[in-house]
Structure formats: C-alpha cells, structure tokens
Amino acid sequence: MRLLVLPGDGIGPEIIGEAVRLARWFSDDLGFDLEITEGLVGGASIEAHGAPITDAVVEQALAADAVLFGAVGGPRWDHLERPARPEAGILRLRQTLDLFANLRPAVCYSELAGASALKPHLIADLDILIIREATAGVYFGLPRGIETGPDGARRAYDTQAYTEAEIARICHVAFTTARTRSGRVCSVDKANVMETGALWRAVATEVGAQYPDVALSHMFADNCAMQLVSRPKQFDVIVTDNLFGDILSDAAAALSGSLGLLPSASLSAPMANGRRRALYEPIHGSAPDIAGRGVANPIATLLSFGLCLRHSMDRPEAADRLQQAVRAVLAQGVRTPDIAVGGPSVSSAALTDAVLRQLENPSSPVETKARR
C-alpha cells in the first residue's frame, strides 16, 4: 500500500504526524506492507519551490494508492495572487486526480453533545453524510476575474457551470451510498434562481428514478442551511454542488462541536483495476494560531485515515474498530482543548496515545495526563 503524506502548513504537520503513527500501527496489526512517502504542498511548497505544489508531487499522487493531506494556508501567503496561494495545491490535486466525489460525514457522538451550540437532544448520535461535487462548479468555472471599468470601478465575476454528466456521476455516488445507510437522499440546489440549479434538480430526479429503493427529496440550499441547525436528524445523505457542499458541510461540522472531529474522503471514478484514486483530509484548516503548541485535535485526521482503511485499503472492519476506539476514548473524558468545554484537556499526542491503547486493548480503561 503506497501512501503519500502531504502535511501542509500550520497544524498540518502535527496532526499528520499523529495519523502516521496510527497508520503504522494498523500496518503492523493487520500485517500489510505500508510504504509511506512525504511531499510538500501549500505554503511549505511555496517556501521551498515557489509554487503551491510541484509537478513531481502531483506525479507522486498519481502513483500512490492514497493521499493523506493535512491542511494548507495562512496569513503569511494571503498577499499572493490566487493561483499562487497555498489553496491552489489542493485544487490542482482534486482536478488532476479527478477526485470529483467528496464525502464528508458529520457525526455527533452523544458523549460530546454538550460541546455543540445546539441543544443536545437535537444532535446526539447525529449521523449525516454530505456528498459534495468537487471538481466542477464555480471553483473551476471559466471565465473568471476582476476588471476595472472606464469609470475606475472594479467588477468581479465567476462562472458557475455544470454538465449533465458531472451532475449524474455525483448523484450516482449519493444513491449507491444511501443504499448502505438509511436509504434517503436529499439533493440540494438553487433551482428557483439558478440555471445550474434547475439542471441539477432535473438530473438528480432522472438518476433517482434508477434507484426506486432510495427516497429522494429536493431542498433549496438556504433552506437546507436552516434545517441543518433546526432539525438536522431529518437528513441521511445530502448531495450538492461544490459551493453549497463547501458551506453546508462546515455548518454540519459545527453541529458536532468542533471542526477538529470530522474527516473527509475525495474519490475518483473507478479505474481499470477497479480501484479509485483517493485523497483523505480533515475538513478543518491550518489553524496557524495554535500551530506548534501540540494541542490541535487529531481526531478528524485519524478518522480520515479510517476512511482510507475503508475505501482504499478494503479494511472496513479496521475502520469500524478505529471509530469504536475513538468513541471509547471520548466516552472516558479524554479531550483536546477545542472540545474540553472548560474541563481538563490533553495534548494531540496524548489523545492519539489513548486511541492506540484502546485499539490494543479495547476492554482497558483509558489513562491520560490531563492539562488545564
């Protein structure tokens, strides 16, 4: 198994370091060979090579079985033109590897219901999956730019565009995934005011007709945002475009109590060998304000490797074991500062240590040294 690790910036190297420890543990425990290589991306690549990602790293990603990605960006590079900023690295990877299907689970553990801004009964044991189209839409549409008119006033424009095929393939992912869950898909668009939204709804309906065992509903994106914070448990699988998926998945993440808890997987269509190219990353950013302090929550990155176990390594039972271990650690009160809610907290490494001990001996109590 060839795993390319791209730590990135800010807390990226810290959380990726914890995930690599976990990956090596599973490699030993399950008895498979794991070849880990590392590359630069984002601001780290800009400093070393003058670009947010190099051709050589892209070639490494194409050759890897999976990519484990940390986080990129920070104020240090905000002055750069958009194509030269750290975020351009992840966008290039998504497009070059054709990682069109971005899976973002939003799970709220009952043990952390008090960390959410919503009332516990609304979000305890919440389990939503947002499937976001990730290689088209307004983030990639052309033309785009900022121009200055004859009167000196600036005008900016972006292009939101989708083809029928781009919509259909992400909808197929949503419906096939829903069959393994509760059998419900909510397709989210703005069909009332956008032509792309009208096409999205039409194609989603056509694809849905091929899955009579899955219930399909439609919702406008603004209403979906409201429903996520008022009645989130009505949702099972949400499928939507690049822009709305970006926004709604962050809103769903907030329901869990912290962005530091939620993983993501970006997958291509199956290749000739039946496997998919894949990139796994936490949905949070680089958090430069806490970088280097060893307090970042590693759970989202650990669970991102769990998605790698499930989708790239064909080890769903191992992914389940990891989820159970994380839940057991949280149930026993182990918290990084972002989810401590005023109580004692532990370091990133200590939380990972607790997860590893739980994996080694699921029946043993977790012992950690808390910090305040």
# chains A, B, ... in the order shown; residues from 1 in each chain; ligands from 1
call {"tool": "select_by_dssp", "arguments": {"residues": "stretch 188-347 of chain A", "states": "strand (DSSP E or B)", "output": "CSV table (one decimal) with C-alpha atoms, in the first residue's frame"}}
result
chain,number,residue,atom,x,y,z
A,188,VAL,CA,-29.7,20.5,-2.6
A,189,ASP,CA,-29.7,23.2,-5.2
A,215,ALA,CA,-36.2,8.0,-1.2
A,216,LEU,CA,-35.3,11.3,-3.0
A,217,SER,CA,-36.2,14.8,-1.8
A,218,HIS,CA,-35.1,18.2,-3.0
A,219,MET,CA,-34.3,21.3,-1.0
A,220,PHE,CA,-33.1,24.8,-1.7
A,237,VAL,CA,-27.3,11.7,2.7
A,238,ILE,CA,-27.1,15.2,1.2
A,239,VAL,CA,-25.8,15.6,-2.3
A,240,THR,CA,-25.0,19.0,-3.7
A,263,PRO,CA,-12.9,13.7,8.3
A,264,SER,CA,-13.4,13.6,4.6
A,265,ALA,CA,-12.6,11.5,1.6
A,266,SER,CA,-12.3,12.6,-2.0
A,267,LEU,CA,-12.6,9.8,-4.6
A,278,ALA,CA,-8.3,8.9,-3.3
A,279,LEU,CA,-7.3,11.8,-1.0
A,280,TYR,CA,-8.2,11.9,2.7
A,281,GLU,CA,-8.1,15.0,4.8
A,282,PRO,CA,-9.7,16.6,7.9
A,345,SER,CA,-7.6,18.7,28.3
call {"tool": "residues_around", "arguments": {"residues": "A:Gln323", "least_positions_apart": "5", "cutoff": "12 Å", "atoms": "only C-alpha atoms", "output": "JSON, numbers by chain"}}
result
{"A": [107, 109, 261, 262, 263, 299, 300, 302, 303, 304, 305, 306, 307, 309, 310, 316, 317, 318, 328, 329, 330, 355, 356, 358, 359, 362]}
call {"tool": "closest_residue", "arguments": {"among": "A:Thr352, A:Thr159, A:Thr37, A:Ser286", "to": "A:Val67", "atoms": "only C-alpha atoms"}}
result
A:Thr37
call {"tool": "closest_residue", "arguments": {"among": "A:Ala64, A:Leu97, A:Leu103, A:Ile247", "to": "A:Ile131", "atoms": "only C-alpha atoms"}}
result
A:Leu103
call {"tool": "residues_around", "arguments": {"residues": "stretch 171-173 of chain A", "least_positions_apart": "5", "cutoff": "12 Å", "atoms": "only C-alpha atoms", "output": "short mmCIF file (atom, residue, chain, number, x, y, z; two decimals) with all heavy atoms, in the first residue's frame"}}
result
data_model
loop_
_atom_site.label_atom_id
_atom_site.label_comp_id
_atom_site.auth_asym_id
_atom_site.auth_seq_id
_atom_site.Cartn_x
_atom_site.Cartn_y
_atom_site.Cartn_z
N PHE A 100 -13.75 13.79 -7.88
CA PHE A 100 -15.00 14.53 -8.00
C PHE A 100 -15.96 14.30 -6.84
O PHE A 100 -16.85 15.11 -6.59
CB PHE A 100 -15.71 14.16 -9.31
CG PHE A 100 -16.33 12.79 -9.29
CD1 PHE A 100 -17.67 12.63 -8.97
CD2 PHE A 100 -15.59 11.65 -9.58
CE1 PHE A 100 -18.26 11.39 -8.95
CE2 PHE A 100 -16.16 10.40 -9.56
CZ PHE A 100 -17.50 10.25 -9.25
N ALA A 101 -15.80 13.18 -6.12
CA ALA A 101 -16.75 12.83 -5.07
C ALA A 101 -16.13 13.08 -3.70
O ALA A 101 -15.25 12.33 -3.26
CB ALA A 101 -17.17 11.37 -5.19
N ASN A 102 -16.57 14.13 -3.06
CA ASN A 102 -16.07 14.49 -1.73
C ASN A 102 -17.09 14.05 -0.68
O ASN A 102 -18.21 14.56 -0.64
CB ASN A 102 -15.82 15.99 -1.65
CG ASN A 102 -15.25 16.43 -0.32
OD1 ASN A 102 -15.76 17.34 0.32
ND2 ASN A 102 -14.18 15.80 0.12
N LEU A 103 -16.71 13.07 0.14
CA LEU A 103 -17.59 12.52 1.17
C LEU A 103 -17.23 13.15 2.51
O LEU A 103 -16.08 13.03 2.97
CB LEU A 103 -17.44 11.00 1.26
CG LEU A 103 -18.19 10.14 0.23
CD1 LEU A 103 -17.82 10.53 -1.20
CD2 LEU A 103 -17.91 8.66 0.46
N LEU A 129 -24.25 12.30 6.07
CA LEU A 129 -23.17 12.25 5.10
C LEU A 129 -23.46 13.27 4.01
O LEU A 129 -24.48 13.16 3.32
CB LEU A 129 -23.03 10.86 4.49
CG LEU A 129 -21.95 10.71 3.42
CD1 LEU A 129 -20.56 11.02 3.98
CD2 LEU A 129 -21.98 9.31 2.81
N ILE A 130 -22.58 14.25 3.86
CA ILE A 130 -22.71 15.23 2.78
C ILE A 130 -21.77 14.81 1.65
O ILE A 130 -20.57 14.62 1.85
CB ILE A 130 -22.38 16.64 3.27
CG1 ILE A 130 -23.41 17.08 4.32
CG2 ILE A 130 -22.36 17.63 2.10
CD1 ILE A 130 -23.22 18.47 4.86
N ILE A 131 -22.33 14.63 0.46
CA ILE A 131 -21.56 14.26 -0.72
C ILE A 131 -21.51 15.48 -1.64
O ILE A 131 -22.52 15.90 -2.19
CB ILE A 131 -22.16 13.04 -1.42
CG1 ILE A 131 -22.14 11.84 -0.46
CG2 ILE A 131 -21.41 12.72 -2.70
CD1 ILE A 131 -22.67 10.55 -1.05
N ARG A 132 -20.32 16.01 -1.77
CA ARG A 132 -20.10 17.28 -2.47
C ARG A 132 -19.38 17.03 -3.79
O ARG A 132 -18.36 16.35 -3.82
CB ARG A 132 -19.25 18.20 -1.57
CG ARG A 132 -18.63 19.41 -2.24
CD ARG A 132 -17.59 20.02 -1.31
NE ARG A 132 -16.87 21.13 -1.93
CZ ARG A 132 -15.78 21.67 -1.42
NH1 ARG A 132 -15.28 21.22 -0.28
NH2 ARG A 132 -15.17 22.67 -2.05
N GLU A 133 -19.90 17.57 -4.86
CA GLU A 133 -19.19 17.53 -6.13
C GLU A 133 -17.98 18.45 -6.01
O GLU A 133 -18.10 19.59 -5.58
CB GLU A 133 -20.10 17.99 -7.27
CG GLU A 133 -19.64 17.60 -8.66
CD GLU A 133 -18.38 18.32 -9.09
OE1 GLU A 133 -18.25 19.54 -8.81
OE2 GLU A 133 -17.52 17.68 -9.71
N GLU A 164 -24.44 17.83 -17.60
CA GLU A 164 -25.32 16.75 -17.17
C GLU A 164 -24.51 15.58 -16.62
O GLU A 164 -24.87 14.98 -15.60
CB GLU A 164 -26.16 16.30 -18.37
CG GLU A 164 -27.09 15.14 -18.10
CD GLU A 164 -27.90 14.76 -19.32
OE1 GLU A 164 -27.76 15.43 -20.37
OE2 GLU A 164 -28.68 13.80 -19.24
N ALA A 165 -23.39 15.25 -17.28
CA ALA A 165 -22.57 14.11 -16.84
C ALA A 165 -21.95 14.36 -15.47
O ALA A 165 -21.87 13.44 -14.64
CB ALA A 165 -21.48 13.83 -17.87
N GLU A 166 -21.51 15.59 -15.23
CA GLU A 166 -20.90 15.91 -13.93
C GLU A 166 -21.91 15.78 -12.80
O GLU A 166 -21.57 15.31 -11.71
CB GLU A 166 -20.32 17.33 -13.98
CG GLU A 166 -19.07 17.45 -14.83
CD GLU A 166 -18.68 18.89 -15.13
OE1 GLU A 166 -19.55 19.79 -15.03
OE2 GLU A 166 -17.52 19.11 -15.52
N ALA A 178 -26.38 5.77 -0.25
CA ALA A 178 -27.58 5.76 0.58
C ALA A 178 -28.12 4.35 0.77
O ALA A 178 -28.71 4.04 1.81
CB ALA A 178 -28.65 6.66 -0.04
N ARG A 179 -27.89 3.49 -0.20
CA ARG A 179 -28.34 2.10 -0.07
C ARG A 179 -27.65 1.38 1.08
O ARG A 179 -28.17 0.39 1.60
CB ARG A 179 -28.06 1.35 -1.38
CG ARG A 179 -29.09 1.60 -2.46
CD ARG A 179 -28.73 0.87 -3.74
NE ARG A 179 -29.89 0.81 -4.64
CZ ARG A 179 -29.83 0.41 -5.90
NH1 ARG A 179 -28.66 0.04 -6.42
NH2 ARG A 179 -30.92 0.38 -6.65
N THR A 180 -26.47 1.85 1.48
CA THR A 180 -25.75 1.23 2.60
C THR A 180 -26.08 1.91 3.92
O THR A 180 -25.57 1.50 4.96
CB THR A 180 -24.23 1.31 2.36
OG1 THR A 180 -23.79 2.69 2.44
CG2 THR A 180 -23.86 0.75 1.00
N VAL A 185 -31.93 10.26 0.20
CA VAL A 185 -31.06 11.26 -0.40
C VAL A 185 -31.82 12.58 -0.48
O VAL A 185 -32.95 12.61 -0.98
CB VAL A 185 -30.58 10.85 -1.80
CG1 VAL A 185 -29.88 12.01 -2.50
CG2 VAL A 185 -29.64 9.65 -1.73
N CYS A 186 -31.18 13.65 -0.01
CA CYS A 186 -31.72 14.99 -0.21
C CYS A 186 -30.78 15.73 -1.16
O CYS A 186 -29.60 15.93 -0.85
CB CYS A 186 -31.82 15.74 1.12
SG CYS A 186 -32.45 17.44 0.95
N SER A 187 -31.27 16.09 -2.33
CA SER A 187 -30.49 16.83 -3.31
C SER A 187 -30.71 18.32 -3.09
O SER A 187 -31.86 18.79 -3.03
CB SER A 187 -30.91 16.43 -4.72
OG SER A 187 -30.23 17.20 -5.68
N VAL A 188 -29.62 19.05 -2.96
CA VAL A 188 -29.69 20.48 -2.58
C VAL A 188 -29.22 21.35 -3.74
O VAL A 188 -28.16 21.10 -4.33
CB VAL A 188 -28.84 20.73 -1.32
CG1 VAL A 188 -28.78 22.22 -1.02
CG2 VAL A 188 -29.42 19.97 -0.14
N TRP A 200 -29.45 20.73 -12.22
CA TRP A 200 -29.09 19.82 -11.12
C TRP A 200 -30.33 19.04 -10.66
O TRP A 200 -30.29 17.82 -10.51
CB TRP A 200 -28.48 20.60 -9.97
CG TRP A 200 -27.94 19.73 -8.87
CD1 TRP A 200 -28.65 19.06 -7.92
CD2 TRP A 200 -26.56 19.39 -8.65
NE1 TRP A 200 -27.82 18.34 -7.10
CE2 TRP A 200 -26.52 18.52 -7.53
CE3 TRP A 200 -25.37 19.74 -9.27
CZ2 TRP A 200 -25.33 18.00 -7.03
CZ3 TRP A 200 -24.18 19.22 -8.77
CH2 TRP A 200 -24.17 18.36 -7.66
N ARG A 201 -31.42 19.75 -10.43
CA ARG A 201 -32.63 19.10 -9.93
C ARG A 201 -33.19 18.11 -10.96
O ARG A 201 -33.62 17.00 -10.59
CB ARG A 201 -33.68 20.13 -9.55
CG ARG A 201 -34.92 19.52 -8.95
CD ARG A 201 -35.81 20.55 -8.29
NE ARG A 201 -35.19 21.17 -7.12
CZ ARG A 201 -35.85 21.70 -6.10
NH1 ARG A 201 -37.20 21.66 -6.08
NH2 ARG A 201 -35.22 22.26 -5.09
N ALA A 202 -33.16 18.50 -12.23
CA ALA A 202 -33.69 17.61 -13.27
C ALA A 202 -32.86 16.33 -13.36
O ALA A 202 -33.42 15.22 -13.43
CB ALA A 202 -33.70 18.34 -14.61
N VAL A 203 -31.53 16.46 -13.35
CA VAL A 203 -30.68 15.28 -13.49
C VAL A 203 -30.77 14.42 -12.23
O VAL A 203 -30.81 13.18 -12.32
CB VAL A 203 -29.22 15.69 -13.77
CG1 VAL A 203 -28.29 14.48 -13.75
CG2 VAL A 203 -29.13 16.41 -15.12
N ALA A 204 -30.80 15.04 -11.06
CA ALA A 204 -30.93 14.26 -9.82
C ALA A 204 -32.21 13.45 -9.82
O ALA A 204 -32.24 12.29 -9.38
CB ALA A 204 -30.90 15.19 -8.61
N THR A 205 -33.29 14.02 -10.35
CA THR A 205 -34.55 13.30 -10.42
C THR A 205 -34.45 12.12 -11.39
O THR A 205 -34.94 11.03 -11.11
CB THR A 205 -35.67 14.26 -10.87
OG1 THR A 205 -35.77 15.34 -9.92
CG2 THR A 205 -37.00 13.55 -10.95
N GLU A 206 -33.79 12.35 -12.53
CA GLU A 206 -33.64 11.27 -13.52
C GLU A 206 -32.78 10.13 -12.96
O GLU A 206 -33.11 8.95 -13.13
CB GLU A 206 -32.99 11.84 -14.79
CG GLU A 206 -33.89 12.81 -15.55
CD GLU A 206 -33.13 13.69 -16.53
OE1 GLU A 206 -31.91 13.48 -16.70
OE2 GLU A 206 -33.76 14.58 -17.13
N VAL A 207 -31.69 10.48 -12.28
CA VAL A 207 -30.85 9.44 -11.69
C VAL A 207 -31.60 8.72 -10.58
O VAL A 207 -31.54 7.50 -10.44
CB VAL A 207 -29.53 10.05 -11.16
CG1 VAL A 207 -28.73 9.01 -10.37
CG2 VAL A 207 -28.70 10.60 -12.31
N GLY A 208 -32.34 9.48 -9.79
CA GLY A 208 -33.09 8.90 -8.68
C GLY A 208 -34.10 7.86 -9.14
O GLY A 208 -34.37 6.89 -8.42
N ALA A 209 -34.62 8.02 -10.34
CA ALA A 209 -35.59 7.05 -10.86
C ALA A 209 -34.97 5.68 -11.07
O ALA A 209 -35.68 4.67 -11.12
CB ALA A 209 -36.17 7.56 -12.17
N GLN A 210 -33.64 5.62 -11.16
CA GLN A 210 -32.94 4.34 -11.31
C GLN A 210 -32.73 3.63 -9.97
O GLN A 210 -32.23 2.51 -9.95
CB GLN A 210 -31.59 4.58 -11.99
CG GLN A 210 -31.69 5.25 -13.35
CD GLN A 210 -30.32 5.61 -13.92
OE1 GLN A 210 -29.37 4.83 -13.80
NE2 GLN A 210 -30.23 6.78 -14.53
N TYR A 211 -33.10 4.30 -8.88
CA TYR A 211 -32.92 3.74 -7.54
C TYR A 211 -34.26 3.80 -6.79
O TYR A 211 -34.44 4.59 -5.87
CB TYR A 211 -31.86 4.54 -6.77
CG TYR A 211 -30.49 4.53 -7.41
CD1 TYR A 211 -30.17 5.44 -8.42
CD2 TYR A 211 -29.52 3.61 -7.02
CE1 TYR A 211 -28.91 5.44 -9.02
CE2 TYR A 211 -28.26 3.61 -7.61
CZ TYR A 211 -27.97 4.52 -8.60
OH TYR A 211 -26.72 4.51 -9.19
N VAL A 214 -34.50 3.96 -2.97
CA VAL A 214 -33.96 5.10 -2.22
C VAL A 214 -34.93 6.27 -2.35
O VAL A 214 -35.34 6.63 -3.46
CB VAL A 214 -32.57 5.50 -2.75
CG1 VAL A 214 -32.04 6.73 -2.00
CG2 VAL A 214 -31.59 4.34 -2.61
N LEU A 216 -35.92 10.03 -2.56
CA LEU A 216 -35.29 11.28 -2.99
C LEU A 216 -36.16 12.47 -2.62
O LEU A 216 -37.36 12.48 -2.87
CB LEU A 216 -35.06 11.27 -4.51
CG LEU A 216 -34.61 12.61 -5.13
CD1 LEU A 216 -33.24 13.04 -4.61
CD2 LEU A 216 -34.61 12.51 -6.66
N VAL A 237 -28.33 11.27 3.63
CA VAL A 237 -27.31 11.66 2.65
C VAL A 237 -27.76 12.95 1.97
O VAL A 237 -28.89 13.03 1.48
CB VAL A 237 -27.10 10.56 1.59
CG1 VAL A 237 -26.14 11.04 0.50
CG2 VAL A 237 -26.55 9.30 2.25
N ILE A 238 -26.89 13.94 1.95
CA ILE A 238 -27.13 15.18 1.22
C ILE A 238 -26.16 15.21 0.05
O ILE A 238 -24.95 15.01 0.23
CB ILE A 238 -26.90 16.41 2.12
CG1 ILE A 238 -27.94 16.48 3.23
CG2 ILE A 238 -26.93 17.70 1.29
CD1 ILE A 238 -27.68 17.58 4.26
N VAL A 239 -26.66 15.45 -1.16
CA VAL A 239 -25.79 15.59 -2.32
C VAL A 239 -25.98 16.98 -2.90
O VAL A 239 -27.12 17.46 -3.06
CB VAL A 239 -26.07 14.50 -3.39
CG1 VAL A 239 -27.49 14.58 -3.93
CG2 VAL A 239 -25.05 14.57 -4.51
N THR A 240 -24.88 17.65 -3.21
CA THR A 240 -24.98 19.02 -3.67
C THR A 240 -23.72 19.42 -4.43
O THR A 240 -22.78 18.63 -4.56
CB THR A 240 -25.25 19.97 -2.48
OG1 THR A 240 -25.57 21.27 -2.98
CG2 THR A 240 -24.06 20.06 -1.55
N ASP A 241 -23.71 20.65 -4.93
CA ASP A 241 -22.60 21.08 -5.78
C ASP A 241 -21.40 21.53 -4.95
O ASP A 241 -21.40 21.46 -3.72
CB ASP A 241 -23.07 22.15 -6.77
CG ASP A 241 -23.34 23.51 -6.11
OD1 ASP A 241 -22.98 23.71 -4.93
OD2 ASP A 241 -23.90 24.39 -6.78
N SER A 266 -12.01 12.19 -0.65
CA SER A 266 -12.27 12.63 -2.02
C SER A 266 -11.87 11.51 -2.96
O SER A 266 -10.71 11.06 -2.95
CB SER A 266 -11.45 13.90 -2.34
OG SER A 266 -11.88 14.98 -1.54
N LEU A 267 -12.83 11.04 -3.77
CA LEU A 267 -12.64 9.83 -4.55
C LEU A 267 -12.85 10.10 -6.04
O LEU A 267 -13.69 10.93 -6.43
CB LEU A 267 -13.62 8.74 -4.12
CG LEU A 267 -13.65 8.40 -2.62
CD1 LEU A 267 -14.77 7.40 -2.33
CD2 LEU A 267 -12.31 7.88 -2.15
N SER A 268 -12.09 9.37 -6.88
CA SER A 268 -12.30 9.41 -8.32
C SER A 268 -13.29 8.34 -8.72
O SER A 268 -13.75 7.54 -7.88
CB SER A 268 -10.97 9.18 -9.04
OG SER A 268 -10.60 7.81 -8.97
N ALA A 269 -13.61 8.28 -9.98
CA ALA A 269 -14.35 7.13 -10.52
C ALA A 269 -13.43 5.91 -10.50
O ALA A 269 -12.21 6.05 -10.49
CB ALA A 269 -14.82 7.44 -11.93
N PRO A 270 -13.98 4.70 -10.49
CA PRO A 270 -13.13 3.50 -10.53
C PRO A 270 -12.25 3.48 -11.77
O PRO A 270 -12.70 3.81 -12.87
CB PRO A 270 -14.14 2.36 -10.53
CG PRO A 270 -15.38 2.93 -9.93
CD PRO A 270 -15.41 4.35 -10.37
#
call {"tool": "residues_around", "arguments": {"residues": "stretch 16-29 of chain A", "least_positions_apart": "4", "cutoff": "8 Å", "atoms": "only C-alpha atoms", "output": "JSON, numbers by chain"}}
result
{"A": [5, 7, 12, 33, 34, 68, 69, 70, 298, 301, 302, 305, 348, 349, 352, 356]}
call {"tool": "write_last_selection", "arguments": {"atoms": "N, CA, C and O atoms", "output": "compact mmCIF listing (two decimals), in the first residue's frame"}}
result
# COMPACT_ATOMS: atom_id res chain seq x y z
N VAL A 5 1.99 11.19 1.92
CA VAL A 5 1.62 12.07 3.02
C VAL A 5 2.01 13.50 2.65
O VAL A 5 3.17 13.76 2.30
N PRO A 7 1.77 16.91 4.55
CA PRO A 7 1.39 17.56 5.81
C PRO A 7 0.87 18.99 5.66
O PRO A 7 -0.04 19.39 6.36
N GLY A 12 -0.98 21.27 10.23
CA GLY A 12 -0.95 20.11 9.34
C GLY A 12 0.12 19.09 9.70
O GLY A 12 -0.19 17.90 9.87
N ASP A 33 2.04 -4.46 4.07
CA ASP A 33 3.16 -3.56 3.84
C ASP A 33 2.62 -2.16 3.53
O ASP A 33 1.75 -1.99 2.69
N LEU A 34 3.17 -1.18 4.23
CA LEU A 34 2.76 0.21 4.04
C LEU A 34 3.99 1.04 3.69
O LEU A 34 4.90 1.19 4.50
N LEU A 68 -2.78 11.22 1.98
CA LEU A 68 -3.23 11.73 3.28
C LEU A 68 -2.76 13.17 3.39
O LEU A 68 -1.56 13.44 3.38
N PHE A 69 -3.72 14.08 3.48
CA PHE A 69 -3.47 15.52 3.34
C PHE A 69 -3.76 16.21 4.67
O PHE A 69 -4.77 15.93 5.31
N GLY A 70 -2.88 17.13 5.07
CA GLY A 70 -3.07 17.85 6.32
C GLY A 70 -3.96 19.07 6.16
O GLY A 70 -5.18 18.98 6.13
N PRO A 298 -6.54 15.81 16.87
CA PRO A 298 -6.15 14.94 15.76
C PRO A 298 -7.26 14.02 15.26
O PRO A 298 -7.07 13.29 14.30
N THR A 301 -8.24 13.87 11.58
CA THR A 301 -7.21 13.28 10.73
C THR A 301 -7.10 11.78 10.97
O THR A 301 -6.91 11.01 10.02
N LEU A 302 -7.23 11.35 12.21
CA LEU A 302 -7.23 9.91 12.50
C LEU A 302 -8.40 9.23 11.78
O LEU A 302 -8.24 8.16 11.19
N PHE A 305 -7.87 8.80 8.12
CA PHE A 305 -7.17 7.55 7.81
C PHE A 305 -8.13 6.37 7.93
O PHE A 305 -8.01 5.39 7.19
N SER A 348 -2.36 16.71 21.66
CA SER A 348 -2.66 15.91 20.46
C SER A 348 -2.07 14.52 20.59
O SER A 348 -2.74 13.51 20.31
N ALA A 349 -0.82 14.46 21.01
CA ALA A 349 -0.14 13.17 21.13
C ALA A 349 -0.79 12.29 22.18
O ALA A 349 -0.92 11.08 22.00
N THR A 352 -3.94 10.72 20.83
CA THR A 352 -3.61 9.62 19.92
C THR A 352 -3.11 8.42 20.71
O THR A 352 -3.46 7.26 20.39
N LEU A 356 -4.63 4.61 20.52
CA LEU A 356 -3.80 3.43 20.25
C LEU A 356 -3.92 2.40 21.37
O LEU A 356 -4.02 1.19 21.10
call {"tool": "residues_around", "arguments": {"residues": "A:Leu6", "least_positions_apart": "5", "cutoff": "6 Å", "atoms": "only C-alpha atoms", "output": "ChimeraX atom specification"}}
result
/A:38-40,69
call {"tool": "select_by_dssp", "arguments": {"residues": "stretch 104-308 of chain A", "states": "helix (DSSP H, G or I)", "output": "PyMOL selection string"}}
result
chain A and resi 110-115+120-123+137-139+164-178+195-208+221-230+232-234+242-256+259-261+299-308
call {"tool": "atom_distance", "arguments": {"atom1": "atom CA of A:Ala174", "atom2": "atom CA of A:Arg104"}}
result
11.7 Å
call {"tool": "closest_residue", "arguments": {"among": "A:Ala272, A:Ala252, A:Ala161, A:Leu228", "to": "A:Gly141", "atoms": "only C-alpha atoms"}}
result
A:Ala161
call {"tool": "atom_distance", "arguments": {"atom1": "atom CA of A:Ile167", "atom2": "atom CA of A:Leu62"}}
result
24.2 Å
